[in-house]
6 protein chains.
Amino acid sequence: MSTREDWPLPTFAIRESFLGTANASSGAAVIVAGVPLDISTTNRAGARDGPAAIRRASRMLGGSYPDLPHDMHDLDFADVGNFGMLMGSLTETLQTIEEQASRCNHLIAMGGDHLISLPLLRALARKHGPVGMVHFDAHVDTWAENFGAPVTHGTNFRLAIEEGLVDPRRMVQIGIRCRVEPDVWRWTLDQGVTILSAEEVHLSSPRAVAEQVKAVVGEGKTYLTFDIDALDPSNAPGTGTPEVGGLQTWQARGIVTRLKGVDFVGMDLVEVAPAYDVGEITALAGASMICYYMGLLVARSVGVRTNE
Amino acid sequence: MSTREDWPLPTFAIRESFLGTANASSGAAVIVAGVPLDISTTNRAGARDGPAAIRRASRMLGGSYPDLPHDMHDLDFADVGNFGMLMGSLTETLQTIEEQASRCNHLIAMGGDHLISLPLLRALARKHGPVGMVHFDAHVDTWAENFGAPVTHGTNFRLAIEEGLVDPRRMVQIGIRCRVEPDVWRWTLDQGVTILSAEEVHLSSPRAVAEQVKAVVGEGKTYLTFDIDALDPSNAPGTGTPEVGGLQTWQARGIVTRLKGVDFVGMDLVEVAPAYDVGEITALAGASMICYYMGLLVARSVGVRTNE
Amino acid sequence: MSTREDWPLPTFAIRESFLGTANASSGAAVIVAGVPLDISTTNRAGARDGPAAIRRASRMLGGSYPDLPHDMHDLDFADVGNFGMLMGSLTETLQTIEEQASRCNHLIAMGGDHLISLPLLRALARKHGPVGMVHFDAHVDTWAENFGAPVTHGTNFRLAIEEGLVDPRRMVQIGIRCRVEPDVWRWTLDQGVTILSAEEVHLSSPRAVAEQVKAVVGEGKTYLTFDIDALDPSNAPGTGTPEVGGLQTWQARGIVTRLKGVDFVGMDLVEVAPAYDVGEITALAGASMICYYMGLLVARSVGVRTNE
Amino acid sequence: MSTREDWPLPTFAIRESFLGTANASSGAAVIVAGVPLDISTTNRAGARDGPAAIRRASRMLGGSYPDLPHDMHDLDFADVGNFGMLMGSLTETLQTIEEQASRCNHLIAMGGDHLISLPLLRALARKHGPVGMVHFDAHVDTWAENFGAPVTHGTNFRLAIEEGLVDPRRMVQIGIRCRVEPDVWRWTLDQGVTILSAEEVHLSSPRAVAEQVKAVVGEGKTYLTFDIDALDPSNAPGTGTPEVGGLQTWQARGIVTRLKGVDFVGMDLVEVAPAYDVGEITALAGASMICYYMGLLVARSVGVRTNE
Amino acid sequence: MSTREDWPLPTFAIRESFLGTANASSGAAVIVAGVPLDISTTNRAGARDGPAAIRRASRMLGGSYPDLPHDMHDLDFADVGNFGMLMGSLTETLQTIEEQASRCNHLIAMGGDHLISLPLLRALARKHGPVGMVHFDAHVDTWAENFGAPVTHGTNFRLAIEEGLVDPRRMVQIGIRCRVEPDVWRWTLDQGVTILSAEEVHLSSPRAVAEQVKAVVGEGKTYLTFDIDALDPSNAPGTGTPEVGGLQTWQARGIVTRLKGVDFVGMDLVEVAPAYDVGEITALAGASMICYYMGLLVARSVGVRTNE
Amino acid sequence: MSTREDWPLPTFAIRESFLGTANASSGAAVIVAGVPLDISTTNRAGARDGPAAIRRASRMLGGSYPDLPHDMHDLDFADVGNFGMLMGSLTETLQTIEEQASRCNHLIAMGGDHLISLPLLRALARKHGPVGMVHFDAHVDTWAENFGAPVTHGTNFRLAIEEGLVDPRRMVQIGIRCRVEPDVWRWTLDQGVTILSAEEVHLSSPRAVAEQVKAVVGEGKTYLTFDIDALDPSNAPGTGTPEVGGLQTWQARGIVTRLKGVDFVGMDLVEVAPAYDVGEITALAGASMICYYMGLLVARSVGVRTNE
């Protein structure tokens, strides 16, 4: 990955791709792509502009961190831009997303709202069968319907479980603190999902939480889905359905970077809505989480360049 | 209409209904309602929050204006809140809007994006047959499709014309200045639509434009649809698809308030997206245009209280 | 409480009353009302717009939370809008607030600045005599005067104590971290007020703080006053006199929701100034605190519907 | 006036006094002072922060303009900071403002809300008797009361006329476009006040308006009061009670700079509320108007340095 | 130019290059590039982020306009990203810009501050000798020094004239309204520069101004430099040194689009500072001006594709 | 220090100097000055406006705090405004800063970007030789070059160490969490610098960190440099290069106020960029840190008034 030409490019001049990469090849080992769908949001709109904001903020990141034993420059990744979308029908839209996702070796998707996880998981399940899932969120996203609509950013994981895309016994939710109807709560627990509330994270430590997470997902194929509203509204105001009492970025950083060894097969980072952000801090938090995930790949030698 | 209780309510304390009215009766002669649908926007989202912003800004307005010979307090109007919506399917959503609109005596709708005009016109056409239309906008909204979708906030008036809801020879567009494919432009003119570009308005006067408008719509039933992006981005930054070179509010005020005598049967004010606004100026512009329309009703004794 | 009509209302379409309630009856067991007075602020203005912002943000809340054993839908509450106010004289203004408060069964007031607590406590003391008080704040609010004015949002609790409205030995302040003249500090402690600084909360746990609070207020009638600046500026930028080093919302949530059993007779949530907020996070924090308080009422069967 | 020390100060480094002046002497011929009172506002608050914002924006201004035949550096002026205020009682507050104004040779006051004009005119009337007045505003400000309060930023000029501070036959209002009760309108015209609506300005030219203004005020002592909401909300979003359809800054500039020869004895610039501004454009507009007024003084050799 | 892949990309999903082009080839007939240098600004910083904001806003533009007889799709243009820069020394930085500019066939540069015009003109003068110049600006930019610095965004055109890069008798400035020291003003006029003040534009018409401009520049090679602060702060708040009384976008649009026939050899659009913008309106204005310029090229068959 | 005149000044009316002081004498024992240089920033610009924002926010501060045994009013300090600067050449600019710093008894500098520390340390080293340093930051600032430039806000402390201005074995960095090339990291550690990462602070306590800091700097002359990006982006969004996972203000407050006994000889607070701030929280955090430092001086009787 090179972001330099004949003369150096200061951070502010770097191209607005993820980490400023010039690599846009769909054949790269790891693909970063935007999926700017946000028509299923039930509160504030605007996650469609999330990918652009995350790319912009990411330019400060990349490279190597003293406490993370790997160098991002080793990763063979490309930013292929945003997925195309048919907008006339939600069903068709989800199919186009699934199809585009299927073509990627290892996909890191930038939402968009949380509904995008559904077609992404459909694409993954075709290859791997049901996967485990590490799910950062304020909300359980296992409702049966939202405001009369069966397919939204709040029913996505009920559908994913029912469709057999995710193995709920290998699924852990971190940061939960929303209101939930008792039957939705019970259904979720009954499937075998592990729920770590935000308060539990505050009263624990990143290391201990990471251990719990690893115990749940075990050694099988696992997906990471990070709804930015898992973070506290002070850390991520730029999102559609904020809830007070959320995680601090230092906690999320501490948890994610300690998930070395998990066999991740894909990731999404969703619900960044820049119109409600300040100083790009929400986008920066999102970009940082993706970076930490990339570090996990490098540490596990996934998607690493072979002969450069 | 009373916004006072035992003690006076300063403007900032007035309830956030349109003009602060306490009347929420669906049987009022004139109904103000929000239709916060915005899932068909093609650029920036957030018109769903338009109704709330317009209500809030409207609290400064109402009453009588020295240059307008009527008193808004004479109008028998209610603010019934927002329309309910089924979100699962666009077709169904439009039907629920149409049905709710059908129940209103004389509806002033606050969008939402411009697609809401389609079901509102469907409801009107049931009663009145094809209506004339005064259409403020930067865009012609007569595309055959947008990004693969046939029913959006850019195809709404092609559909309205094709469905016979609007009589294109009694339709006038004011403020147009967008890019348009030549075939779309030609189709629109071929239907008989009159187009007054923004520059033509700048080089003319509000009085002269009002005369042109009245000449086009004549004496038949007429609808007013006001896309806030008819205004210049400086006057209305809070919208989804701004275009430079638009109208100033003094021009729009000057045109609308001079449309006395036109037989208006309904109005909508759409595309206010508060997340991009500053100091509520876009919402205030929208609320003001609705107020001027209400003044036209009073001046024509439409919807006026009978025995108060 | 129903926020639905024939068709469902997505969160963004719900009416902007507290929790979207349609109940505006002044006879409800619990009354939510705005008191948008802010003329006594000494730094930034704008708390007059607090009630509207809190209502708007509250629409995401309500219902039941897995870790709180009650359902908000059981509460018989109404949002009666904002109090009227005579603006000519501060004395008269406070009297109108007191009188309106006196008419409410159990009042939850949304400020406005912190001075509103004074007339609210006057109304309560008429019924109950001196009450205990749980007081979240960055500031002690027991100054003898502010900038030459004896009745402001900084002298309110000196006055409340001197007038015998509050029993200072049953009063606890949480989150204090402002500069204070030594004589003001000494006076406050001399009255018997318990002060828990913000740093003490950071170095303790919500559970331990809640125990301390309950020990101070005991079993008598108690008032909850929550100045949003008790929270850290990162959690609540939208306020008039922010101070660094404040509480996180997870801490405030953890403390308030553990105050089960306290005999609360009223609450106010003050100093939300939306013009300085971002992404509505301050308003959301305020709305959440009110919700947690409502949960305490339900848990104690206060204001619960009898036969619905 | 020097804003330089040993090394030059770029604009952004200049001290935040008006035009960056280091002169704070209360004995200067012309005094610029802030009067940050805003407790009488009826809609949005925050004009208290107007003086600071105007000072900050003013640092780009000053000097000489090719089309204005004078050099601001010749003016003997000082920025004495903000007036002190007793906050306990409005009557007392107004007295402290009047007294401080009385001590100034020639005062240019930066508000604060429009009520500050009342004590300033009281101070002037002591010296000069009733003055003429050039009054830029969206609102007539001649209400008899506002929301039950007799002394507010909407009753100020009714009081000024009734107290004999202003000669209404030598008073002209420019930019008016608010709603007004018919009796308020009639009262104002009956006093002999000349009203130029905003639309009249749009349909005229700055030169013609300036001629009308000069014809009204004649050769007597005259006061200039500029409510920033005379400007269109697009030009001045940062204000408390914006009204659409207002003046553009080029028009206000064109009018004010053509008022050479009028015998001005003081000025105020009010209602700049920075919390609602964008890019400091409202504050800049305010600072510019003050600058043009200063140019009029220099052109008339008022307040010009004698031997420097 | 195609911005589509297998599935359509809604506007908000289009890549953030100029007009969303995928063409990044440095061999294209017309090159769009960012030059994000802003270290010479004397007031507000941040023009370094101008290119990104302009690209983002441009995605709504392109195509054909009914009143402009050409189709932008015919233009063979590429967006090559941002120029690299050596940051250690201003002299060296300017050299790197000049060198990169020299390699482009026909360059449209997005600033950055106005100093970038200097190296761009140096590159052009190497090829063409002194050029004529159409210069939109609030400021003359012909100072001899700014705050002790000889090479800034305020001395750029003094240097350009002195170095013989621009022929001052074929140079016209449009929109001027800043304060200027008399000697700077005189020097500028003495060189033969034509100055059209903003007020002159307001009192004239776009057509008449365009005629004046064409008369000045004649038939020789001509450069277009558009400082966004030529526009009024209401139209372009996002800039470093705003001045009230500026042009409206409809006027700038009307002037630029009427400059058909001028032999343009390059353009820059500078001083967009997004941190001070609202709703992207400044960036949109900038992008629109570039689009109009591209239309002039197409109309003159400059840079048009040959066999597609 | 008095901020009062005949009548009291509410907080919002106090002059915008540090703590509202009227003392601008360069002979004061402690000098507060702005150094608004920001041309070496590599990401977002605008730290030039930091001093003004910090002054404004500081008006709420000062006086005495219950948990800090001293009274700020005892300090003999002045706010002398901003340093002048030659802008043409970076070398010269740094010299002018150094020279102005040399004239101050004990300087507290408000940046500006972090490069200003270099000339300030040069001035100090002239008097004291190499000093110890307490360095709050997200970044090590010991790069050998940034984007081709050898003297920037990222190379400042490499230069300071190499020039012998700072004794690296008495230097401690707190809050570090940026990406760093391994050789830069190693170089820093090899010099003997102590690095406390942000996560180490989160997992420790302010008291323990303060002890570590005191152990490193010992009893020699010591400098405090506080880059506001040491704080978490949620606490300090208004800065140029934010990094997630940073310190909370309560932690920074807890550490700084416990550094009693350290022999501090100067301080700077840098990288506040108000254009990216919300509700002034970043500026307030910066002003607060300066206040705590002043408290340390008073506690050590440095700069205290002798006979007032």
# chains A, B, ... in the order shown; residues from 1 in each chain; ligands from 1

$ select_by_dssp --residues "range 49-84 of chain C" --states "strand (DSSP E)" --output "PyMOL selection string"
chain C and resi 77-82

$ interface_residues --of "chain A" --to "chain E" --cutoff "9 Å" --atoms "only C-alpha atoms" --output "list in words"
Arg4, Glu5, Asp6, Trp7, Pro8, Leu9, Pro10, Phe12, Ala13, Ile14, Arg15, Glu16, Gly34, Val35, Pro36, Leu37, Arg48, Asp49, Pro51, Ala52, Arg56, Gly81, Asn82, Phe83, Gly84, Met85, Leu86, Met87 and Thr96 of chain A

$ write_last_selection --atoms "C-alpha atoms" --output "PDB file, in the first residue's frame"
ATOM      1  CA  ARG A   4       2.727   8.630  -1.664  1.00  0.00           C
ATOM      2  CA  GLU A   5       3.579   9.846  -5.139  1.00  0.00           C
ATOM      3  CA  ASP A   6       6.650  11.857  -6.148  1.00  0.00           C
ATOM      4  CA  TRP A   7       6.105  14.287  -3.321  1.00  0.00           C
ATOM      5  CA  PRO A   8       4.736  13.362   0.052  1.00  0.00           C
ATOM      6  CA  LEU A   9       1.040  13.770   0.808  1.00  0.00           C
ATOM      7  CA  PRO A  10       0.269  15.227   4.222  1.00  0.00           C
ATOM      8  CA  PHE A  12      -5.064  15.999   4.913  1.00  0.00           C
ATOM      9  CA  ALA A  13      -4.106  15.488   1.254  1.00  0.00           C
ATOM     10  CA  ILE A  14      -4.268  11.718   1.174  1.00  0.00           C
ATOM     11  CA  ARG A  15      -6.979  10.248  -1.036  1.00  0.00           C
ATOM     12  CA  GLU A  16     -10.231   9.480   0.779  1.00  0.00           C
ATOM     13  CA  GLY A  34     -19.162   0.709   1.520  1.00  0.00           C
ATOM     14  CA  VAL A  35     -22.754  -0.462   1.666  1.00  0.00           C
ATOM     15  CA  PRO A  36     -24.591   2.818   2.076  1.00  0.00           C
ATOM     16  CA  LEU A  37     -28.109   1.488   2.517  1.00  0.00           C
ATOM     17  CA  ARG A  48     -25.778   6.231   3.920  1.00  0.00           C
ATOM     18  CA  ASP A  49     -22.987   8.750   4.397  1.00  0.00           C
ATOM     19  CA  PRO A  51     -18.659   4.951   4.376  1.00  0.00           C
ATOM     20  CA  ALA A  52     -17.414   8.323   3.143  1.00  0.00           C
ATOM     21  CA  ARG A  56     -11.991  10.235   5.468  1.00  0.00           C
ATOM     22  CA  GLY A  81     -15.701   1.815  -3.237  1.00  0.00           C
ATOM     23  CA  ASN A  82     -19.401   1.440  -2.561  1.00  0.00           C
ATOM     24  CA  PHE A  83     -21.670  -1.404  -3.572  1.00  0.00           C
ATOM     25  CA  GLY A  84     -24.226  -0.592  -6.253  1.00  0.00           C
ATOM     26  CA  MET A  85     -27.852  -0.888  -5.285  1.00  0.00           C
ATOM     27  CA  LEU A  86     -31.231  -1.331  -6.890  1.00  0.00           C
ATOM     28  CA  MET A  87     -33.460   0.989  -4.891  1.00  0.00           C
ATOM     29  CA  THR A  96     -27.732  -7.140  -4.966  1.00  0.00           C
TER      30      THR A  96
END

$ select_by_dssp --residues "range 77-280 of chain B" --states "helix (DSSP H, G or I)" --output "count of residues only"
76

$ atom_distance --atom1 "CA of Thr241 in chain E" --atom2 "CA of Asp277 in chain D"
16.1 Å

$ atom_distance --atom1 "CA of Tyr292 in chain D" --atom2 "CA of Arg177 in chain E"
12.7 Å

$ residues_around --residues "Phe157 in chain E" --least-positions-apart "5" --cutoff "10 Å" --atoms "only C-alpha atoms" --output "number ranges by chain"
E: 114-115, 117-118, 121, 135, 140-144, 152, 162-163, 165-166, 168, 188

$ residues_around --residues "range 70-76 of chain C" --least-positions-apart "4" --cutoff "12 Å" --atoms "only C-alpha atoms" --output "PyMOL selection string"
(chain A and resi 179-182) or (chain C and resi 1-3+19-32+61-66+105-106+257+260+290-308)

$ write_last_selection --atoms "N, CA and C atoms" --output "short mmCIF file (atom, residue, chain, number, x, y, z; two decimals), in the first residue's frame"
data_model
loop_
_atom_site.label_atom_id
_atom_site.label_comp_id
_atom_site.auth_asym_id
_atom_site.auth_seq_id
_atom_site.Cartn_x
_atom_site.Cartn_y
_atom_site.Cartn_z
N ARG A 179 -34.20 -0.55 25.76
CA ARG A 179 -35.45 -1.14 26.24
C ARG A 179 -35.77 -2.33 25.33
N VAL A 180 -36.31 -3.36 25.88
CA VAL A 180 -36.66 -4.56 25.11
C VAL A 180 -37.95 -5.12 25.70
N GLU A 181 -38.87 -5.49 24.86
CA GLU A 181 -40.04 -6.18 25.33
C GLU A 181 -39.61 -7.52 25.91
N PRO A 182 -40.21 -7.94 27.02
CA PRO A 182 -39.79 -9.20 27.67
C PRO A 182 -39.78 -10.40 26.74
N MET C 1 -51.08 4.08 27.73
CA MET C 1 -50.41 5.00 26.80
C MET C 1 -50.32 4.36 25.41
N SER C 2 -50.85 5.04 24.46
CA SER C 2 -50.72 4.52 23.10
C SER C 2 -50.11 5.59 22.21
N THR C 3 -49.14 5.24 21.46
CA THR C 3 -48.57 6.20 20.52
C THR C 3 -48.91 5.79 19.09
N LEU C 19 -42.17 10.64 25.86
CA LEU C 19 -42.41 9.25 25.44
C LEU C 19 -43.48 9.14 24.37
N GLY C 20 -43.79 10.27 23.72
CA GLY C 20 -44.78 10.24 22.65
C GLY C 20 -46.21 10.07 23.13
N THR C 21 -46.44 10.30 24.42
CA THR C 21 -47.79 10.06 24.96
C THR C 21 -48.80 11.02 24.33
N ALA C 22 -50.03 10.50 24.13
CA ALA C 22 -51.13 11.34 23.67
C ALA C 22 -51.92 11.87 24.85
N ASN C 23 -51.59 11.40 26.04
CA ASN C 23 -52.30 11.82 27.25
C ASN C 23 -51.81 13.20 27.69
N ALA C 24 -52.71 14.19 27.65
CA ALA C 24 -52.35 15.54 28.07
C ALA C 24 -53.24 16.00 29.22
N SER C 25 -53.83 15.03 29.91
CA SER C 25 -54.79 15.35 30.96
C SER C 25 -54.10 15.79 32.24
N SER C 26 -54.48 16.95 32.76
CA SER C 26 -53.86 17.45 33.97
C SER C 26 -54.27 16.65 35.20
N GLY C 27 -55.18 15.68 35.02
CA GLY C 27 -55.59 14.87 36.15
C GLY C 27 -54.83 13.56 36.29
N ALA C 28 -53.85 13.32 35.43
CA ALA C 28 -53.09 12.06 35.50
C ALA C 28 -52.34 11.96 36.82
N ALA C 29 -52.01 10.74 37.19
CA ALA C 29 -51.33 10.52 38.47
C ALA C 29 -49.95 11.17 38.48
N VAL C 30 -49.27 11.11 37.35
CA VAL C 30 -47.95 11.72 37.22
C VAL C 30 -47.99 12.69 36.05
N ILE C 31 -47.51 13.91 36.31
CA ILE C 31 -47.56 14.95 35.29
C ILE C 31 -46.14 15.30 34.84
N VAL C 32 -45.91 15.24 33.52
CA VAL C 32 -44.66 15.77 32.97
C VAL C 32 -44.97 17.12 32.37
N LEU C 61 -37.36 6.18 23.99
CA LEU C 61 -37.30 5.54 25.30
C LEU C 61 -38.65 4.97 25.72
N GLY C 62 -38.78 4.67 26.99
CA GLY C 62 -40.01 4.09 27.51
C GLY C 62 -39.95 2.57 27.49
N GLY C 63 -41.10 1.93 27.72
CA GLY C 63 -41.14 0.47 27.71
C GLY C 63 -40.44 -0.13 28.92
N SER C 64 -39.88 -1.31 28.73
CA SER C 64 -39.26 -2.00 29.86
C SER C 64 -37.81 -2.32 29.52
N TYR C 65 -36.97 -2.36 30.55
CA TYR C 65 -35.56 -2.66 30.40
C TYR C 65 -35.26 -3.96 31.12
N PRO C 66 -34.46 -4.80 30.53
CA PRO C 66 -34.21 -6.11 31.13
C PRO C 66 -33.72 -6.02 32.57
N ASN C 105 -50.62 16.30 40.63
CA ASN C 105 -50.54 15.21 41.60
C ASN C 105 -49.10 14.89 41.96
N HIS C 106 -48.32 14.59 40.97
CA HIS C 106 -46.90 14.25 41.15
C HIS C 106 -46.20 14.80 39.93
N THR C 257 -31.06 4.25 39.06
CA THR C 257 -31.91 3.04 39.00
C THR C 257 -31.79 2.18 40.25
N LYS C 260 -34.29 2.45 44.39
CA LYS C 260 -35.59 1.86 44.68
C LYS C 260 -35.88 1.99 46.17
N ILE C 290 -35.12 10.94 33.41
CA ILE C 290 -36.53 11.01 33.77
C ILE C 290 -37.17 9.62 33.67
N CYS C 291 -36.82 8.91 32.64
CA CYS C 291 -37.33 7.54 32.46
C CYS C 291 -36.95 6.64 33.63
N TYR C 292 -35.70 6.74 34.06
CA TYR C 292 -35.27 5.89 35.18
C TYR C 292 -36.07 6.25 36.43
N TYR C 293 -36.32 7.54 36.60
CA TYR C 293 -37.12 7.98 37.74
C TYR C 293 -38.53 7.40 37.65
N MET C 294 -39.11 7.44 36.47
CA MET C 294 -40.43 6.85 36.27
C MET C 294 -40.43 5.37 36.63
N GLY C 295 -39.35 4.69 36.28
CA GLY C 295 -39.23 3.29 36.62
C GLY C 295 -39.25 3.08 38.14
N LEU C 296 -38.61 4.00 38.87
CA LEU C 296 -38.64 3.90 40.33
C LEU C 296 -40.06 4.03 40.86
N LEU C 297 -40.83 4.93 40.22
CA LEU C 297 -42.22 5.09 40.64
C LEU C 297 -42.99 3.80 40.42
N VAL C 298 -42.84 3.25 39.23
CA VAL C 298 -43.56 2.01 38.92
C VAL C 298 -43.16 0.90 39.90
N ALA C 299 -41.85 0.81 40.15
CA ALA C 299 -41.36 -0.23 41.05
C ALA C 299 -41.97 -0.11 42.44
N ARG C 300 -42.34 1.13 42.82
CA ARG C 300 -42.93 1.40 44.13
C ARG C 300 -44.44 1.50 44.03
N SER C 301 -44.96 1.25 42.80
CA SER C 301 -46.41 1.32 42.55
C SER C 301 -46.97 2.71 42.80
N VAL C 302 -46.18 3.72 42.52
CA VAL C 302 -46.66 5.09 42.60
C VAL C 302 -47.14 5.52 41.22
N GLY C 303 -48.35 6.01 41.15
CA GLY C 303 -48.85 6.54 39.88
C GLY C 303 -49.18 5.46 38.87
N VAL C 304 -49.33 4.25 39.32
CA VAL C 304 -49.61 3.16 38.39
C VAL C 304 -51.11 3.10 38.10
N ARG C 305 -51.44 2.78 36.88
CA ARG C 305 -52.84 2.65 36.48
C ARG C 305 -53.53 1.61 37.35
N THR C 306 -54.78 1.85 37.66
CA THR C 306 -55.47 0.89 38.50
C THR C 306 -56.24 -0.15 37.70
N ASN C 307 -57.10 0.30 36.81
CA ASN C 307 -57.90 -0.72 36.10
C ASN C 307 -57.87 -0.50 34.59
N GLU C 308 -56.75 -0.77 34.02
CA GLU C 308 -56.69 -0.67 32.57
C GLU C 308 -56.25 -2.00 31.99
#

$ residues_around --residues "Leu124 in chain B" --least-positions-apart "6" --cutoff "10 Å" --atoms "only C-alpha atoms" --output "ChimeraX atom specification"
/B:98,101-102,106-107,118,130-131,165-166,221,223,265-266

$ write_last_selection --atoms "N, CA, C and O atoms" --output "mmCIF file, in the first residue's frame"
data_model
loop_
_atom_site.group_PDB
_atom_site.id
_atom_site.type_symbol
_atom_site.label_atom_id
_atom_site.label_comp_id
_atom_site.auth_asym_id
_atom_site.auth_seq_id
_atom_site.Cartn_x
_atom_site.Cartn_y
_atom_site.Cartn_z
ATOM 1 N N GLU B 98 -52.177 7.720 1.161
ATOM 2 C CA GLU B 98 -53.332 8.119 0.359
ATOM 3 C C GLU B 98 -54.620 8.011 1.172
ATOM 4 O O GLU B 98 -55.468 8.912 1.156
ATOM 5 N N ALA B 101 -54.887 10.706 3.748
ATOM 6 C CA ALA B 101 -55.150 11.997 3.094
ATOM 7 C C ALA B 101 -56.609 12.107 2.672
ATOM 8 O O ALA B 101 -57.206 13.187 2.746
ATOM 9 N N SER B 102 -57.174 10.987 2.250
ATOM 10 C CA SER B 102 -58.549 10.997 1.771
ATOM 11 C C SER B 102 -59.537 11.436 2.837
ATOM 12 O O SER B 102 -60.621 11.922 2.539
ATOM 13 N N HIS B 106 -59.347 19.464 3.829
ATOM 14 C CA HIS B 106 -58.429 20.230 2.989
ATOM 15 C C HIS B 106 -57.073 20.061 3.661
ATOM 16 O O HIS B 106 -56.874 20.509 4.792
ATOM 17 N N LEU B 107 -56.175 19.405 2.964
ATOM 18 C CA LEU B 107 -54.938 18.976 3.619
ATOM 19 C C LEU B 107 -53.740 19.853 3.255
ATOM 20 O O LEU B 107 -53.498 20.133 2.082
ATOM 21 N N LEU B 118 -47.269 12.212 -4.486
ATOM 22 C CA LEU B 118 -47.957 11.252 -5.347
ATOM 23 C C LEU B 118 -49.211 10.683 -4.671
ATOM 24 O O LEU B 118 -50.322 10.819 -5.203
ATOM 25 N N PRO B 130 -58.275 15.417 -12.479
ATOM 26 C CA PRO B 130 -56.957 16.038 -12.624
ATOM 27 C C PRO B 130 -56.989 17.495 -12.172
ATOM 28 O O PRO B 130 -57.913 18.230 -12.517
ATOM 29 N N VAL B 131 -55.984 17.877 -11.409
ATOM 30 C CA VAL B 131 -55.915 19.249 -10.904
ATOM 31 C C VAL B 131 -54.804 20.017 -11.609
ATOM 32 O O VAL B 131 -53.897 19.436 -12.214
ATOM 33 N N LEU B 165 -53.435 12.458 -12.668
ATOM 34 C CA LEU B 165 -53.756 13.158 -11.417
ATOM 35 C C LEU B 165 -53.624 14.664 -11.586
ATOM 36 O O LEU B 165 -54.307 15.439 -10.932
ATOM 37 N N VAL B 166 -52.697 15.042 -12.473
ATOM 38 C CA VAL B 166 -52.410 16.448 -12.722
ATOM 39 C C VAL B 166 -52.630 16.726 -14.202
ATOM 40 O O VAL B 166 -52.284 15.898 -15.046
ATOM 41 N N LYS B 221 -59.552 23.680 -10.149
ATOM 42 C CA LYS B 221 -58.956 23.217 -8.898
ATOM 43 C C LYS B 221 -57.439 23.130 -9.070
ATOM 44 O O LYS B 221 -56.960 22.614 -10.090
ATOM 45 N N TYR B 223 -53.422 22.598 -7.117
ATOM 46 C CA TYR B 223 -52.636 22.115 -5.988
ATOM 47 C C TYR B 223 -51.348 22.926 -5.924
ATOM 48 O O TYR B 223 -50.771 23.297 -6.946
ATOM 49 N N VAL B 265 -56.865 23.512 -3.662
ATOM 50 C CA VAL B 265 -57.538 22.425 -2.949
ATOM 51 C C VAL B 265 -56.594 21.618 -2.052
ATOM 52 O O VAL B 265 -56.989 20.599 -1.472
ATOM 53 N N GLY B 266 -55.363 22.066 -1.944
ATOM 54 C CA GLY B 266 -54.424 21.357 -1.079
ATOM 55 C C GLY B 266 -53.018 21.840 -1.325
ATOM 56 O O GLY B 266 -52.733 22.522 -2.324
#

$ residues_around --residues "Leu247 in chain B" --least-positions-apart "3" --cutoff "8 Å" --atoms "only C-alpha atoms" --output "ChimeraX atom specification"
/B:175,198,201-202,230-232,251-252
